[in-house]
Amino acid sequence: MYGRKVKLRFLFVIIIGLSLFLSAFLILKSLEESVVYFKSPTDIKLIKEIEYKKIRIGGMVKKNSIQMSTDQINFIITDLRNEINVTYSGIVPNLFSEGKGVVAEGYLKDRNFFEASKILAKHDENYMPPEVKAALEKN
Amino acid sequence: MIYSEIGYYSLVIGLTISLPIFFFSIKNFRDNKILDYKIINFSFIQLLLVLTSFLGLVLSFIYSDFSNETVFNNSHTTKPLFYKISGTWGNHEGSLLLWLLVLNLFIFFFLITSKNLWKNYRILTVLFHQLIIIGFFIFLLDSSNPFNYIFPVPKEGLGLNPILQDPALAIHPPVLYLGYVGSSIIFSSVLAATSLNYVSKIWALHIKKWVLISWVFLTLGILLGSIWAYYELGWGGFWFWDPVENISLMPWLALTTLFHCILVLEKRSTLTSWVIILSITTFTLSMCGTFLVRSGILNSVHTFANDPERGLFILTFLFILIFISLFVFFVFHKTDKKSLISFSLVSKETSILINNWFMMYFLSVVLIGTIYPIFLDVISSEKISVGPPFYHKLMIPFLVPFLIFMAIGPQLRWIKSRLRGKIYLITLFIISISASFFVVKNLSYNFLINTVLIGSALYLFFVTIRDFFSKEFKNISQNLSHFGFSLLILSILFNNLFSNEIITNLKVGERFNNEKFQIVFKNLEKSEEKNYVTFKGYFTILESGKEDNLVPELRVYNQPNIVTSEADIKTSLLNDKFITMNTVQNEEYFNIRYQVKPLMIWIWISVLLISFGGILSLFNRNRV
C-alpha cells in the first residue's frame with residue numbers, strides 16, 4: 001500500500017505528536033500540584049476549609065512579637081488588619097526583623113497558626129516583596 | 001566630573017559612528033569587491049569610543065565622583081578599591097554600558113577573524129549587529145544614562161549592597177555578559193547567513209568557535225553566580241530554581257543544543273532549521289533575561305531599579321528583533337534537502353537529535369516554571385511561585401535516558417553505525433546499575449528512582465572514563481565535557497542524598513548535642529573593619545571524635561546599613577562543613593545552621609571540567 005518512507009514519516013509524526021502531548025500534559029499536571037499560592041493574613045481568615053497544601057504568607061512582622069527559644073522562633077505576621085501566628089525552626093534571613101516585610105512558606109495548622117518551613121531571603125533593607133506591598137496596600 | 005563628561009560625549013559620538021558604518025556597508029555590499037577596510041576602521045573607532053566611555057565611568061567610580069548619579073547611588077568613599085571598580089557594573093546603567101562594550105568588542109573580533117569568508121556575509125552580519133548596537137546606544141542615552149548629573153554634589157555616596165561586595169560576584173557579571181553577548185554575534189551571523197543562503201559546512205565551522213566562546217563564558221558565569229549564592233546567601237545551596245537563575249540556565253540549554261546541532265551541520269549538512277531557530281532562541285532568551293531582570297518584574301539581587309519605562313523599551317526592542325529574525329527565517333530559509341528520514345536509527349546524529357529533543361524539553365520546563373507566575377499575575381493578579389519540586393519532578397525522570405544517550409551517542413559513528421563489538425557498553429551498564437544499587441541500598445525513600453538515576457550517571461561516568469584510555473577514540477574535549485557532566489550529576493545526587501543539617505538557636509557559651517554532632521558556641525568577638533563592624537562567633541564542632549573549629553561572621557555595614565551573615569566553610573575533597581549564624585533583633589539567641597555537604601567541591605570542579613572541554617575544543621582545529 002504505502003511505501004516504507006511514508007510509513008516511517010507517519011510513525012515519526014505520531015511519535016513527535018505523542019511526545020509533545022505527553023510533555024504538555026506532564027508539565028501542566030505537575031504545575032498544578034507544585035504551585036505555591038501567596039496569601040495575606042486577611043486571605044487566610046476568609047478561607048473556608050484548610051487543606052494541607054504549601055502556601056506563602058506575606059505581611060509585616062508585628063512589633064514585639066518575635067520570641068526565640070532553642071529550637072523555635074515564634075512571631076506574628078500582620079497585614080495591619082489581620083494577624084497570624086507563625087512558628088518556624090530554621091535560619092532566618094539577615095533582614096528579618098520587627099516592623100519589616102516578610103514572606104513565610106509552609107503549612108497552615110488552622111486559621112491562626114502557621115508552621116513555616118522557610119522564611120524567604122530578601123536583599124536590601126528598603127526592599128519589600130511586591131506581594132507584601134500589594135497585601136499591605138489592599139488594606 | 002571630567003570623566004563623566006568624557007564618558008558621556010564619547011557615548012554620543014559612538015552612536016553617530018554607526019552612520020558611516022551603515023553607509024559604507026551598504027555601498028560595499030553592492031559592488032562586488034573585497035571588504036572595504038573603512039568598515040573595520042569605523043568599527044574599531046566605535047569600539048574605542050565605547051571603551052573610553054566605559055573607562056570614564058570606571059574612573060568616576062575610582063575617584064568617587066558623586067556628581068555622577070550612578071556613582072552616588074552605588075558607591076561610597078570607604079569602599080575598598082576593588083569593589084569601587086566592580087561597582088561600575090554592579091548596577092543597571094553600568095552593566096548596560098558593559099553590554100554595549102562587549103557587543104562592540106565582539107563585532108570587531110568577528111570582523112578581523114572572518115577574513116576568508118564571503119564578503120557579503122560579513123557585511124550583512126555587521127549590519128544586523130549594528131541594529132542591536134544602536135538599540136543599546138539609544139537605550140543607554142535615553143533611559144539609563146550612566147552619566148547623569150546631580151547638583152549640588154553630595155558629599156557621600158549611598159554605597160553598594162554589601163552582599164554584592166564579593167570577589168566572585170565582582171567578576172560574575174562580565175563573564176556572564178561575555179556569554180550572553182556572544183549569543184548576539186551568533187544571532188546576527190545566523191540572520192546574515194540565512195538571508196544569503198550561506199548556512200553551510202564552512203559557515204558551521206566558523207560559527208562553531210563563537211558558539212563555543214559564548215558557551216564557555218556562560219558556563220563559567222553561571223558557575224560563579226552559583227558559588228557566590230552558596231557561600232554568601234547563607235543557605236548552603238547552590239541552585240534554588242530562582243527565576244533569575246533559570247534565566248541564565250535557559251540560554252545555556254539553548255546554546256548547548258545549538259552547539260550539538262552545529263556539529264551535525266558541519267559533518268552532515270543537515271539540521272539547518274534547528275541551527276537557525278536555536279540561534280534566534282538563544283539570543284532572545286538572553287535578551288528576555290535582561291528584560292525580566294532589569295524591569296523589576298522579577299525580584300532578586302539583580303533588580304537594581306524598578307523603572308517600567310526601561311522594561312518597555314527592552315520589550316519593544318526585543319519584539320522588533322524577533323520580528324526581523326522570524327521574517328528572515330520564513331522568507332529566506334530553504335529547507336534541507338535531506339529529510340530527517342535519511343537519519344539512520346543507530347548513528348551519532350540520531351542520538352544527538354534525541355538528546356536535543358530532551359534538552360528542548362528541559363528548556364520548556366524551565367521556561368514555563370519561570371514565566372507562568374508572571375503570566376498568572378498579569379491575567380488574574382493571583383500571586384504564586386513555582387518551587388524546586390516542580391522542576392525536579394519533571395526533569396529527573398527524563399535525565400535517565402538523557403544520560404544514557406549521552407554515554408552511547410559518542411560511541412557511534414556518523415551516518416550509520418553498528419552496535420556490534422560494543423559489548424562493553426552493556427557490561428558497563430550492568431556494572432553501574434549494580435554499583436548504584438549498593439550505594440542506595442540503605443536509603444529508605446525513593447529507592448527506585450535513585451538507583452536508576454545514579455546508575456545512569458555512573459554509566460556515563462564509566463563510559464567516559466573508559467574513553468580516556470581507549471586508543472580509537474581521540475575526541476578529548478567532548479569526552480572531558482561529558483565526563484564533567486556525569487561528575488556533576490553524581491556530585492549533585494550524592495550531595496542531596498547524604499547531606500546533614502542542624503538548625504538550632506544558641507546563646508554564647510551554650511552547646512547543642514545530638515547522637516552525631518556536638519556544637520559548642522564558645523565565644524563572640526567584635527572588631528571593626530574599614531566599612532563594616534564584624535562579630536565573629538567561635539564554634540567547635542565535635543563529630544565522631546574529630547574536632548573542627550569554625551568561625552562564621554555577622555557583618556554590620558555602615559553604608560548602606562545592612563547586616564550580612566558570612567558563612568564559614570571548611571572544604572575538603574570529601575565534604576564541606578558549612579556554618580552560618582544570624583541574629584534576631586533584641587534576642588540573646590543566635591540562629592545557627594550547620595551543614596555537612598558531601599562532594600560539594602566536586603560540583604564546582606565538574607562544571608570547570610565541562611567548560612574546560614569547551615576551551616580545549618576551541619583550540620583543537622581538526623577534531624571536535
# chains A, B, ... in the order shown; residues from 1 in each chain; ligands from 1

call {"tool": "residues_around", "arguments": {"residues": "Ser214 in chain B", "least_positions_apart": "2", "cutoff": "10 Å", "atoms": "only C-alpha atoms", "output": "VMD selection string"}}
result
chain B and resid 175 to 186 209 to 212 216 to 220 252 255 614

call {"tool": "interface_residues", "arguments": {"of": "chain B", "to": "chain A", "cutoff": "7 Å", "atoms": "only C-alpha atoms", "output": "number ranges by chain"}}
result
B: 301, 341, 365, 383-387, 389-390, 394, 503-506, 562-565, 582, 584-585, 589, 591-593

call {"tool": "residues_around", "arguments": {"residues": "Phe327 in chain B", "least_positions_apart": "3", "cutoff": "12 Å", "atoms": "only C-alpha atoms", "output": "mmCIF file with N, CA and C atoms, in the first residue's frame"}}
result
data_model
loop_
_atom_site.group_PDB
_atom_site.id
_atom_site.type_symbol
_atom_site.label_atom_id
_atom_site.label_comp_id
_atom_site.auth_asym_id
_atom_site.auth_seq_id
_atom_site.Cartn_x
_atom_site.Cartn_y
_atom_site.Cartn_z
ATOM 1 N N LEU B 191 21.350 35.331 11.022
ATOM 2 C CA LEU B 191 20.420 36.072 10.170
ATOM 3 C C LEU B 191 21.064 36.389 8.822
ATOM 4 N N THR B 194 21.396 33.201 6.794
ATOM 5 C CA THR B 194 20.116 32.727 6.265
ATOM 6 C C THR B 194 19.681 33.572 5.081
ATOM 7 N N SER B 195 19.802 34.899 5.231
ATOM 8 C CA SER B 195 19.369 35.758 4.130
ATOM 9 C C SER B 195 20.150 35.456 2.868
ATOM 10 N N ILE B 277 16.801 28.354 14.214
ATOM 11 C CA ILE B 277 15.845 28.609 15.286
ATOM 12 C C ILE B 277 16.546 28.702 16.638
ATOM 13 N N ILE B 280 18.410 31.977 17.139
ATOM 14 C CA ILE B 280 17.472 33.058 17.466
ATOM 15 C C ILE B 280 16.962 32.893 18.897
ATOM 16 N N PHE B 319 10.904 42.745 20.611
ATOM 17 C CA PHE B 319 9.895 42.345 19.648
ATOM 18 C C PHE B 319 10.327 42.688 18.231
ATOM 19 N N ILE B 320 10.955 43.844 18.080
ATOM 20 C CA ILE B 320 11.433 44.216 16.741
ATOM 21 C C ILE B 320 12.439 43.173 16.257
ATOM 22 N N LEU B 321 13.381 42.827 17.134
ATOM 23 C CA LEU B 321 14.408 41.864 16.739
ATOM 24 C C LEU B 321 13.794 40.509 16.415
ATOM 25 N N ILE B 322 12.850 40.066 17.239
ATOM 26 C CA ILE B 322 12.230 38.768 16.979
ATOM 27 C C ILE B 322 11.481 38.823 15.653
ATOM 28 N N PHE B 323 10.803 39.917 15.414
ATOM 29 C CA PHE B 323 10.050 40.053 14.179
ATOM 30 C C PHE B 323 10.988 39.969 12.982
ATOM 31 N N ILE B 324 12.077 40.743 13.040
ATOM 32 C CA ILE B 324 13.039 40.700 11.941
ATOM 33 C C ILE B 324 13.550 39.282 11.726
ATOM 34 N N PHE B 330 11.499 32.884 7.721
ATOM 35 C CA PHE B 330 10.446 32.340 6.878
ATOM 36 C C PHE B 330 10.604 32.722 5.412
ATOM 37 N N VAL B 331 11.189 33.887 5.173
ATOM 38 C CA VAL B 331 11.292 34.316 3.784
ATOM 39 C C VAL B 331 12.493 33.689 3.079
ATOM 40 N N PHE B 332 13.624 33.657 3.783
ATOM 41 C CA PHE B 332 14.845 33.265 3.086
ATOM 42 C C PHE B 332 15.251 31.818 3.297
ATOM 43 N N HIS B 333 14.769 31.234 4.351
ATOM 44 C CA HIS B 333 15.286 29.908 4.652
ATOM 45 C C HIS B 333 14.747 28.848 3.704
#

call {"tool": "atom_distance", "arguments": {"atom1": "CA of Phe42 in chain B", "atom2": "CA of Asn197 in chain B"}}
result
27.1 Å

call {"tool": "select_by_dssp", "arguments": {"residues": "range 314-403 of chain B", "states": "helix (DSSP H, G or I)", "output": "PyMOL selection string"}}
result
chain B and resi 314-332+340-342+348-380+388-403

call {"tool": "atom_distance", "arguments": {"atom1": "CA of Asn104 in chain B", "atom2": "CA of Tyr37 in chain B"}}
result
16.8 Å

call {"tool": "atom_distance", "arguments": {"atom1": "CA of Phe405 in chain B", "atom2": "CA of Ser351 in chain B"}}
result
6.2 Å

call {"tool": "select_by_dssp", "arguments": {"residues": "chain A", "states": "strand (DSSP E)", "output": "NGL selection string"}}
result
:A and (35-39 or 55-61 or 67-68 or 73-78 or 83-88 or 101-108 or 113-119)

call {"tool": "closest_residue", "arguments": {"among": "A:Gly3, A:Gly106, A:Gly101, A:Gly17", "to": "Gly58 in chain A", "atoms": "only C-alpha atoms"}}
result
A:Gly101

call {"tool": "residues_around", "arguments": {"residues": "Ile276 in chain B", "least_positions_apart": "4", "cutoff": "10 Å", "atoms": "only C-alpha atoms", "output": "MDAnalysis selection string"}}
result
chainID B and resid 186:187 189:191 193:194 199 258 261:262 271:272 280:281 325:326 329 333

call {"tool": "write_last_selection", "arguments": {"atoms": "C-alpha atoms", "output": "PDB file, in the first residue's frame"}}
result
ATOM      1  CA  ILE B 186      25.586  34.166  16.616  1.00  0.00           C
ATOM      2  CA  PHE B 187      22.238  35.833  16.148  1.00  0.00           C
ATOM      3  CA  SER B 189      25.557  35.921  11.861  1.00  0.00           C
ATOM      4  CA  VAL B 190      22.753  33.417  11.535  1.00  0.00           C
ATOM      5  CA  LEU B 191      20.420  36.072  10.170  1.00  0.00           C
ATOM      6  CA  ALA B 193      23.788  33.565   6.660  1.00  0.00           C
ATOM      7  CA  THR B 194      20.116  32.727   6.265  1.00  0.00           C
ATOM      8  CA  VAL B 199      24.180  28.181   6.091  1.00  0.00           C
ATOM      9  CA  LEU B 258      22.801  24.711  19.321  1.00  0.00           C
ATOM     10  CA  CYS B 261      23.281  20.895  16.077  1.00  0.00           C
ATOM     11  CA  ILE B 262      26.175  22.780  14.578  1.00  0.00           C
ATOM     12  CA  LEU B 271      19.526  20.339  10.725  1.00  0.00           C
ATOM     13  CA  THR B 272      19.830  23.873   9.353  1.00  0.00           C
ATOM     14  CA  ILE B 280      17.472  33.058  17.466  1.00  0.00           C
ATOM     15  CA  THR B 281      16.150  31.392  20.625  1.00  0.00           C
ATOM     16  CA  SER B 325      14.507  37.310  12.669  1.00  0.00           C
ATOM     17  CA  LEU B 326      11.290  35.415  12.062  1.00  0.00           C
ATOM     18  CA  PHE B 329      13.731  32.808   8.685  1.00  0.00           C
ATOM     19  CA  HIS B 333      15.286  29.908   4.652  1.00  0.00           C
TER      20      HIS B 333
END

call {"tool": "residues_around", "arguments": {"residues": "Ile13 in chain B", "least_positions_apart": "2", "cutoff": "12 Å", "atoms": "only C-alpha atoms", "output": "list in words"}}
result
Ile6, Gly7, Tyr8, Tyr9, Ser10, Leu11, Leu15, Thr16, Ile17, Ser18, Leu19, Pro20, Phe42, Ile45, Gln46, Leu47, Leu48, Leu49, Val50, Thr52, Ser53, Phe137 and Leu141 of chain B

call {"tool": "write_last_selection", "arguments": {"atoms": "C-alpha atoms", "output": "CSV table (one decimal), in the first residue's frame"}}
result
chain,number,residue,atom,x,y,z
B,6,ILE,CA,34.3,62.4,28.6
B,7,GLY,CA,32.3,59.3,29.0
B,8,TYR,CA,29.0,60.9,28.0
B,9,TYR,CA,30.3,62.6,24.9
B,10,SER,CA,32.2,59.6,23.6
B,11,LEU,CA,29.0,57.6,24.0
B,15,LEU,CA,26.3,56.3,18.3
B,16,THR,CA,27.0,58.6,15.4
B,17,ILE,CA,29.7,56.3,14.2
B,18,SER,CA,27.0,53.8,13.3
B,19,LEU,CA,26.0,56.1,10.4
B,20,PRO,CA,29.3,55.8,8.4
B,42,PHE,CA,34.9,52.6,11.9
B,45,ILE,CA,36.7,53.7,16.3
B,46,GLN,CA,33.3,52.8,17.7
B,47,LEU,CA,34.8,50.2,20.0
B,48,LEU,CA,37.4,52.8,21.2
B,49,LEU,CA,34.8,55.3,21.9
B,50,VAL,CA,32.6,52.9,23.9
B,52,THR,CA,36.6,55.4,26.6
B,53,SER,CA,33.1,55.9,27.9
B,137,PHE,CA,23.0,53.1,22.5
B,141,LEU,CA,21.3,57.5,26.3

call {"tool": "residues_around", "arguments": {"residues": "His76 in chain B", "least_positions_apart": "3", "cutoff": "10 Å", "atoms": "only C-alpha atoms", "output": "list in words"}}
result
Phe61, Ile62, Ser64, Asp65, Phe66, Val71, Phe72, Asn73, Lys79, Pro80, Tyr83, Lys84, Gly87, Lys155, Glu156, Gly157, Leu158, Gly159, Leu160, Asn531, Asn558, Gln559 and Pro560 of chain B

call {"tool": "residues_around", "arguments": {"residues": "Phe362 in chain B", "least_positions_apart": "4", "cutoff": "12 Å", "atoms": "only C-alpha atoms", "output": "PyMOL selection string"}}
result
(chain A and resi 23-24+27) or (chain B and resi 246+249-254+256-257+355-358+366-369+390-399+402)

call {"tool": "closest_residue", "arguments": {"among": "A:Lys100, A:Arg81, A:Arg4, A:Lys48", "to": "Met60 in chain A", "atoms": "only C-alpha atoms"}}
result
A:Lys100
